[in-house]
Structures are given as C-alpha cells and as structure tokens.
Amino acid sequence: MSFKSLGLSEPILKAISKKGYETPSPIQAKAIPPVLEGKDVLASAQTGTGKTAGFTLPLLHLLSENPKEKYRPIRALILTPTRELAAQVYANVKEYSEFLNIRGAVIFGGVNQKPQAATIRQGVDVLVATPGRLIDLESQGLLSLKRVEIFVLDEADRMLDMGFLRDIERVMKLMPSKRQNLMFSATFSKDIKKLAYSILNNPVQVEATPENTAVEVIDQKVYRVAKGKKTDLIIKLISDGNWKQVLVFTRTKHGANKLCKKMISSGITAAAIHGNKSQGARTKALAGFKNGSVRVLVATDIAARGLDIPLLPHVINFELPNISEDYVHRIGRTGRAGASGEAISLVSADETTYLRDIEKLINMKIDVTIVEGFEPDPNASTEPIKPGQNRNQNRGRSNNRNSSSRNSGNNKSSNKSNSRNRSRNNDSRR
Ligand code: AMP
C-alpha cells in the first residue's frame, strides 16, 4: 500500500514525501479512499494514529481539483476542541498544501481576533477553528460559512466532553446543507452516535487499530501510595530515575499548578498546561517541554488532548482519571509510532474503584509496586471522590464565563447519564 495507490495527486505526494512518510497508516489507508470519493466518513481514531493526514490529504486533493475563485470563500472547515489541536492541524494543513495553491488559516480564542479576521478577509480555502472563536467571528460578520463544501469534526468525543454540543449545532446551521462531512472520534458513546447520526449522511465507517492493542506495548506500573505522599513520591521517582521528559496528568487545574510549584521548588524544571493558562503560556510551556528546557509538563486531560509529542518516554498519572478511556488516551502518549514507553500511576485508596474500572477496560492487571517510606495508608477509605465534592469546588472557582456557561449545559445532561457524563462536572476544573 502506498500513498500513490490511494489516488492522491502529485503535489500532495511531494509534500508527503518531504514529511518523510513512507506508507499510509491504517486509518489513512481506510479513510482516504472514501473521502476522495466524496463520501461522508465516520472514523474511530485517536491522536497518534495519523488521523490528521487521514482527513487533510484527501480534503486538499478535492479542493485543488476544482479551480479556485478569485474571491476565496471558506470551502473546508475543520472544527477542533482545543487551541493546541487547532494549531497542530493547521500546521499539517500548511505542510501538506505546500505545493498547492491553497490557503489555510487557524482561529481560536485567548488571543487577539484582529490578525485572524484580517487573514480571513484576504481569502482562505481551509479554516481550522475552535467553536467559540468561530461563532464569535461569524456573528460579527467577519467570516461566512455559506460556501463550505467539506466539514470535518475532529475529536468529536472531546467536543462533547467539553460541552460544545450546542456550538456544533449552531455551526451546522451556518453551513449549506449539501456538503461532505467527516467525523473523527476516539470513543463512541450513545451521545456521539446521536451526533454522528445528525451530521453524517450514509457514512462509510472506518476504524484504526483498536486502542487496546497500543496499550500492550506500554510498560504500565501502579504505585500504591498514601494520598499525602504522592508529591514526594513523584519527585523521588523523577529525580532517582533522572528522567528528562515526563508528562504528568492531574485531575484539576488547581492540582496541576500546585504540583508544578512543588516540582520547581525541588529543583525540577516544570510547567503546567491547562484551560486557565493564556495561549502564550501554553505555547511557551509546550515549546520548553519539546526542546528539553522543561523536564516535567503537568497537564489536565483536556489541555493535553491532541498534543503531539513524539517518543515520550514517561507518562505519570498523579491521579487516575475517573473516565477509564482517558487512561488509555493518557498512556497512549508514550507508545507513539511503535515506540515503547513507561506509564506510571500513583494510586491512593480512594482511587481503587477507578483502577478496577481501568483494568476491566484494558483487560489486564497492572503490576503494583510499593516504595518503602511511601506505603499506602491502611486506614484510608476506598470510597471514590464524590462528584458532589467536585461540583462545590467548581462553583467556587468558575469565574471563567465560557467554561461555566458550557458546564451548566453539561451538568443538565449528566443528571440522567452514566459515569462518563459524571466526570463532566469536572470540566471547568481541567
Ligand atoms: P496524528 O494522529 O494526526 O496526530 O499524527 C500523529 C503523528 O504521526 C504526527 O507526528 C504525524 O506527523 C505522524 N504521521 C502521520 N501520518 C504518518 C505516516 N503515514 N507515516 C509516518 N508518520 C505519520
């Protein structure tokens, strides 16, 4: 199987070869042909599978087949949940379209809208956007989606987790009803299927290698530890192992900040990345982590979603996620492109249920280690952290207009839903 045999045009093949890709990844091999045929596609794939090229390459091919107009309307819209993912997808659009006469642009919140509006005014063929800023600019009359031919909804499951359902529905109404739709999601809950049904017409369904296969190549460990000793233990593990690049997950933004400060005062360079950080701070933290000047990046699930950091050797769960699928996403960051990695979870008594759920999902028992001096507290309750506790803390801190309003929408749906929805109460904390 080669990119050429998939039917992509010469300028695109040239860009692919410049990137150094030799063969299409499984999701690319499966998704590219139906997209080129103009069909709607529903793809099950997470970051790391090569999904971005899976939709970007055929999209660029289709757009470049039709002659451009002098005035360039937005002909393709790629909607992503986070700013980081939007920036990454845009970087790919730029690389893959290097030898085509196609213009791309990216818009997201947290930065000045003026340069974004100015770029769009000059004409853009492919727009990558997060929902909030897209709707903002559209409602100000600074962009129009009336000529969109191809719509891509990337990481649809995370979109719903972040409370973007109503925004997605709004965006859909701004586009012509006759268009090609591509939807990518790592998981397929009932809500995702419902969304897919409302967006896609008779879609071709494609799937990347099941997630659990990737899990098997990652060396996973659980350290049972008293809750109050987690910070000291993580600092010891990183220092003793002399680890140079560690991605640490915490459940809350506050937890990420606190842990980051502790690391720094112990002489470990660290930066936090989460929804309350400005775009500048997030970009700087990520750049420092990639170039090695920051050893530890402490992230919440939502902020880390979509980060493409290749060959990450160590991922540590400072706290286990309460959605088991998030565990698979988190540790999947060590096993990119076939490279092996180590995933460590610090587990206190109140996370026992989460651990059990995760082991059920990945269908394997994870080896448990106890470090002398950091033993678990035998008297601690194994009762999981109650969602109610989260909600209270949430209210106290929800001074972010966007996240609090989106959350209120979520909380409504979580009343009648399962454990996956339960976690959405935490969203403004992540
Ligand atoms: P994605 O899942 O789209 O975030 O891609 C994950 C990583 O795989 C990115 O660093 C891509 O540049 C890389 N990648 C995508 N397609 C291929 C391919 N066919 N061969 C090798 N690397 C690829």
# chains A, B, ... in the order shown; residues from 1 in each chain; ligands from 1

call {"tool": "residues_near_ligand", "arguments": {"ligand": "ligand 1", "cutoff": "10 Å", "atoms": "only C-alpha atoms and all ligand atoms", "output": "PyMOL selection string"}}
result
chain A and resi 2-3+16-17+19-29+45-56+85+88-89+91-92+95+306-311+336-337

call {"tool": "residues_around", "arguments": {"residues": "Ala304 in chain A", "least_positions_apart": "5", "cutoff": "10 Å", "atoms": "only C-alpha atoms", "output": "list of chain:residue names"}}
result
A:Thr82, A:Glu84, A:Leu85, A:Leu247, A:Val248, A:Phe249, A:Ile273, A:His274, A:Gly275, A:Leu286, A:Leu297, A:Val298, A:Ala299, A:His329, A:Arg330, A:Arg333, A:Arg430

call {"tool": "write_last_selection", "arguments": {"atoms": "N, CA, C and O atoms", "output": "mmCIF file, in the first residue's frame"}}
result
data_model
loop_
_atom_site.group_PDB
_atom_site.id
_atom_site.type_symbol
_atom_site.label_atom_id
_atom_site.label_comp_id
_atom_site.auth_asym_id
_atom_site.auth_seq_id
_atom_site.Cartn_x
_atom_site.Cartn_y
_atom_site.Cartn_z
ATOM 1 N N THR A 82 -9.699 21.899 21.031
ATOM 2 C CA THR A 82 -8.743 22.729 21.772
ATOM 3 C C THR A 82 -7.884 23.582 20.839
ATOM 4 O O THR A 82 -7.734 23.285 19.652
ATOM 5 N N GLU A 84 -4.658 23.957 21.066
ATOM 6 C CA GLU A 84 -3.436 23.249 20.675
ATOM 7 C C GLU A 84 -3.679 22.344 19.471
ATOM 8 O O GLU A 84 -2.882 22.302 18.549
ATOM 9 N N LEU A 85 -4.798 21.641 19.521
ATOM 10 C CA LEU A 85 -5.098 20.747 18.408
ATOM 11 C C LEU A 85 -5.329 21.561 17.134
ATOM 12 O O LEU A 85 -4.851 21.203 16.057
ATOM 13 N N LEU A 247 5.565 13.585 31.155
ATOM 14 C CA LEU A 247 4.237 14.220 31.094
ATOM 15 C C LEU A 247 3.434 13.710 32.283
ATOM 16 O O LEU A 247 3.257 12.502 32.443
ATOM 17 N N VAL A 248 2.980 14.641 33.133
ATOM 18 C CA VAL A 248 2.242 14.258 34.338
ATOM 19 C C VAL A 248 0.793 14.732 34.195
ATOM 20 O O VAL A 248 0.546 15.878 33.809
ATOM 21 N N PHE A 249 -0.130 13.851 34.522
ATOM 22 C CA PHE A 249 -1.549 14.227 34.473
ATOM 23 C C PHE A 249 -2.121 14.419 35.868
ATOM 24 O O PHE A 249 -1.920 13.575 36.742
ATOM 25 N N ILE A 273 0.046 23.103 32.127
ATOM 26 C CA ILE A 273 -0.719 23.448 30.933
ATOM 27 C C ILE A 273 -2.178 23.051 31.185
ATOM 28 O O ILE A 273 -2.470 21.910 31.460
ATOM 29 N N HIS A 274 -3.057 24.043 31.216
ATOM 30 C CA HIS A 274 -4.479 23.764 31.419
ATOM 31 C C HIS A 274 -5.312 24.941 30.918
ATOM 32 O O HIS A 274 -4.785 25.967 30.496
ATOM 33 N N GLY A 275 -6.609 24.773 31.007
ATOM 34 C CA GLY A 275 -7.545 25.720 30.409
ATOM 35 C C GLY A 275 -7.481 27.146 30.939
ATOM 36 O O GLY A 275 -7.912 28.073 30.273
ATOM 37 N N LEU A 286 4.711 24.250 26.225
ATOM 38 C CA LEU A 286 4.845 23.124 25.307
ATOM 39 C C LEU A 286 6.177 23.178 24.558
ATOM 40 O O LEU A 286 6.857 22.159 24.406
ATOM 41 N N LEU A 297 6.043 18.357 32.263
ATOM 42 C CA LEU A 297 4.857 19.108 31.862
ATOM 43 C C LEU A 297 3.677 18.521 32.633
ATOM 44 O O LEU A 297 3.394 17.327 32.530
ATOM 45 N N VAL A 298 3.057 19.374 33.462
ATOM 46 C CA VAL A 298 1.915 18.898 34.243
ATOM 47 C C VAL A 298 0.649 19.365 33.524
ATOM 48 O O VAL A 298 0.468 20.558 33.293
ATOM 49 N N ALA A 299 -0.197 18.415 33.167
ATOM 50 C CA ALA A 299 -1.337 18.770 32.314
ATOM 51 C C ALA A 299 -2.630 18.160 32.834
ATOM 52 O O ALA A 299 -2.634 17.141 33.512
ATOM 53 N N HIS A 329 -6.042 7.170 26.645
ATOM 54 C CA HIS A 329 -5.536 8.341 25.913
ATOM 55 C C HIS A 329 -4.235 8.834 26.526
ATOM 56 O O HIS A 329 -3.289 9.162 25.829
ATOM 57 N N ARG A 330 -4.234 8.934 27.852
ATOM 58 C CA ARG A 330 -3.038 9.471 28.528
ATOM 59 C C ARG A 330 -1.810 8.607 28.251
ATOM 60 O O ARG A 330 -0.786 9.110 27.823
ATOM 61 N N ARG A 333 0.321 8.243 24.920
ATOM 62 C CA ARG A 333 1.322 9.240 24.532
ATOM 63 C C ARG A 333 2.742 8.720 24.618
ATOM 64 O O ARG A 333 3.667 9.342 24.135
ATOM 65 N N ARG A 430 -10.579 21.263 34.637
ATOM 66 C CA ARG A 430 -9.500 20.590 33.953
ATOM 67 C C ARG A 430 -8.699 21.492 33.036
ATOM 68 O O ARG A 430 -9.180 22.405 32.472
#

call {"tool": "select_by_dssp", "arguments": {"residues": "range 50-161 of chain A", "states": "strand (DSSP E)", "output": "number ranges by chain"}}
result
A: 76-79, 104-107, 126-129, 150-153

call {"tool": "closest_residue", "arguments": {"among": "A:Ile107, A:Ala86, A:Leu36, A:Ala196", "to": "Glu138 in chain A", "atoms": "only C-alpha atoms"}}
result
A:Ile107

call {"tool": "residues_around", "arguments": {"residues": "Tyr354 in chain A", "least_positions_apart": "6", "cutoff": "9 Å", "atoms": "only C-alpha atoms", "output": "number ranges by chain"}}
result
A: 320-324, 384

call {"tool": "residues_around", "arguments": {"residues": "Pro73 in chain A", "least_positions_apart": "5", "cutoff": "12 Å", "atoms": "only C-alpha atoms", "output": "NGL selection string"}}
result
:A and (63 or 68 or 102-104 or 120-127 or 143-149)

call {"tool": "atom_distance", "arguments": {"atom1": "CA of Met159 in chain A", "atom2": "CA of Leu137 in chain A"}}
result
19.3 Å

call {"tool": "atom_distance", "arguments": {"atom1": "CA of Leu59 in chain A", "atom2": "CA of Lys190 in chain A"}}
result
27.9 Å

call {"tool": "atom_distance", "arguments": {"atom1": "CA of Leu195 in chain A", "atom2": "CA of Pro176 in chain A"}}
result
17.7 Å

call {"tool": "residues_around", "arguments": {"residues": "Arg295 in chain A", "least_positions_apart": "5", "cutoff": "8 Å", "atoms": "only C-alpha atoms", "output": "PyMOL selection string"}}
result
chain A and resi 243-246+268-270+289

call {"tool": "closest_residue", "arguments": {"among": "A:Ile135, A:Ala226, A:Ala31, A:Ile302", "to": "Leu160 in chain A", "atoms": "only C-alpha atoms"}}
result
A:Ile302

call {"tool": "residues_around", "arguments": {"residues": "Leu355 in chain A", "least_positions_apart": "2", "cutoff": "12 Å", "atoms": "only C-alpha atoms", "output": "number ranges by chain"}}
result
A: 221-224, 317, 319-325, 327, 345-353, 357-368, 382, 384

call {"tool": "select_by_dssp", "arguments": {"residues": "range 243-382 of chain A", "states": "helix (DSSP H, G or I)", "output": "PyMOL selection string"}}
result
chain A and resi 253-265+279-291+301-304+324-331+336-338+349-362

call {"tool": "residues_around", "arguments": {"residues": "Phe374 in chain A", "least_positions_apart": "2", "cutoff": "6 Å", "atoms": "only C-alpha atoms", "output": "ChimeraX atom specification"}}
result
/A:225,371-372

call {"tool": "closest_residue", "arguments": {"among": "A:Met263, A:Ile12, A:Leu6, A:Ile192", "to": "Ser239 in chain A", "atoms": "only C-alpha atoms"}}
result
A:Met263
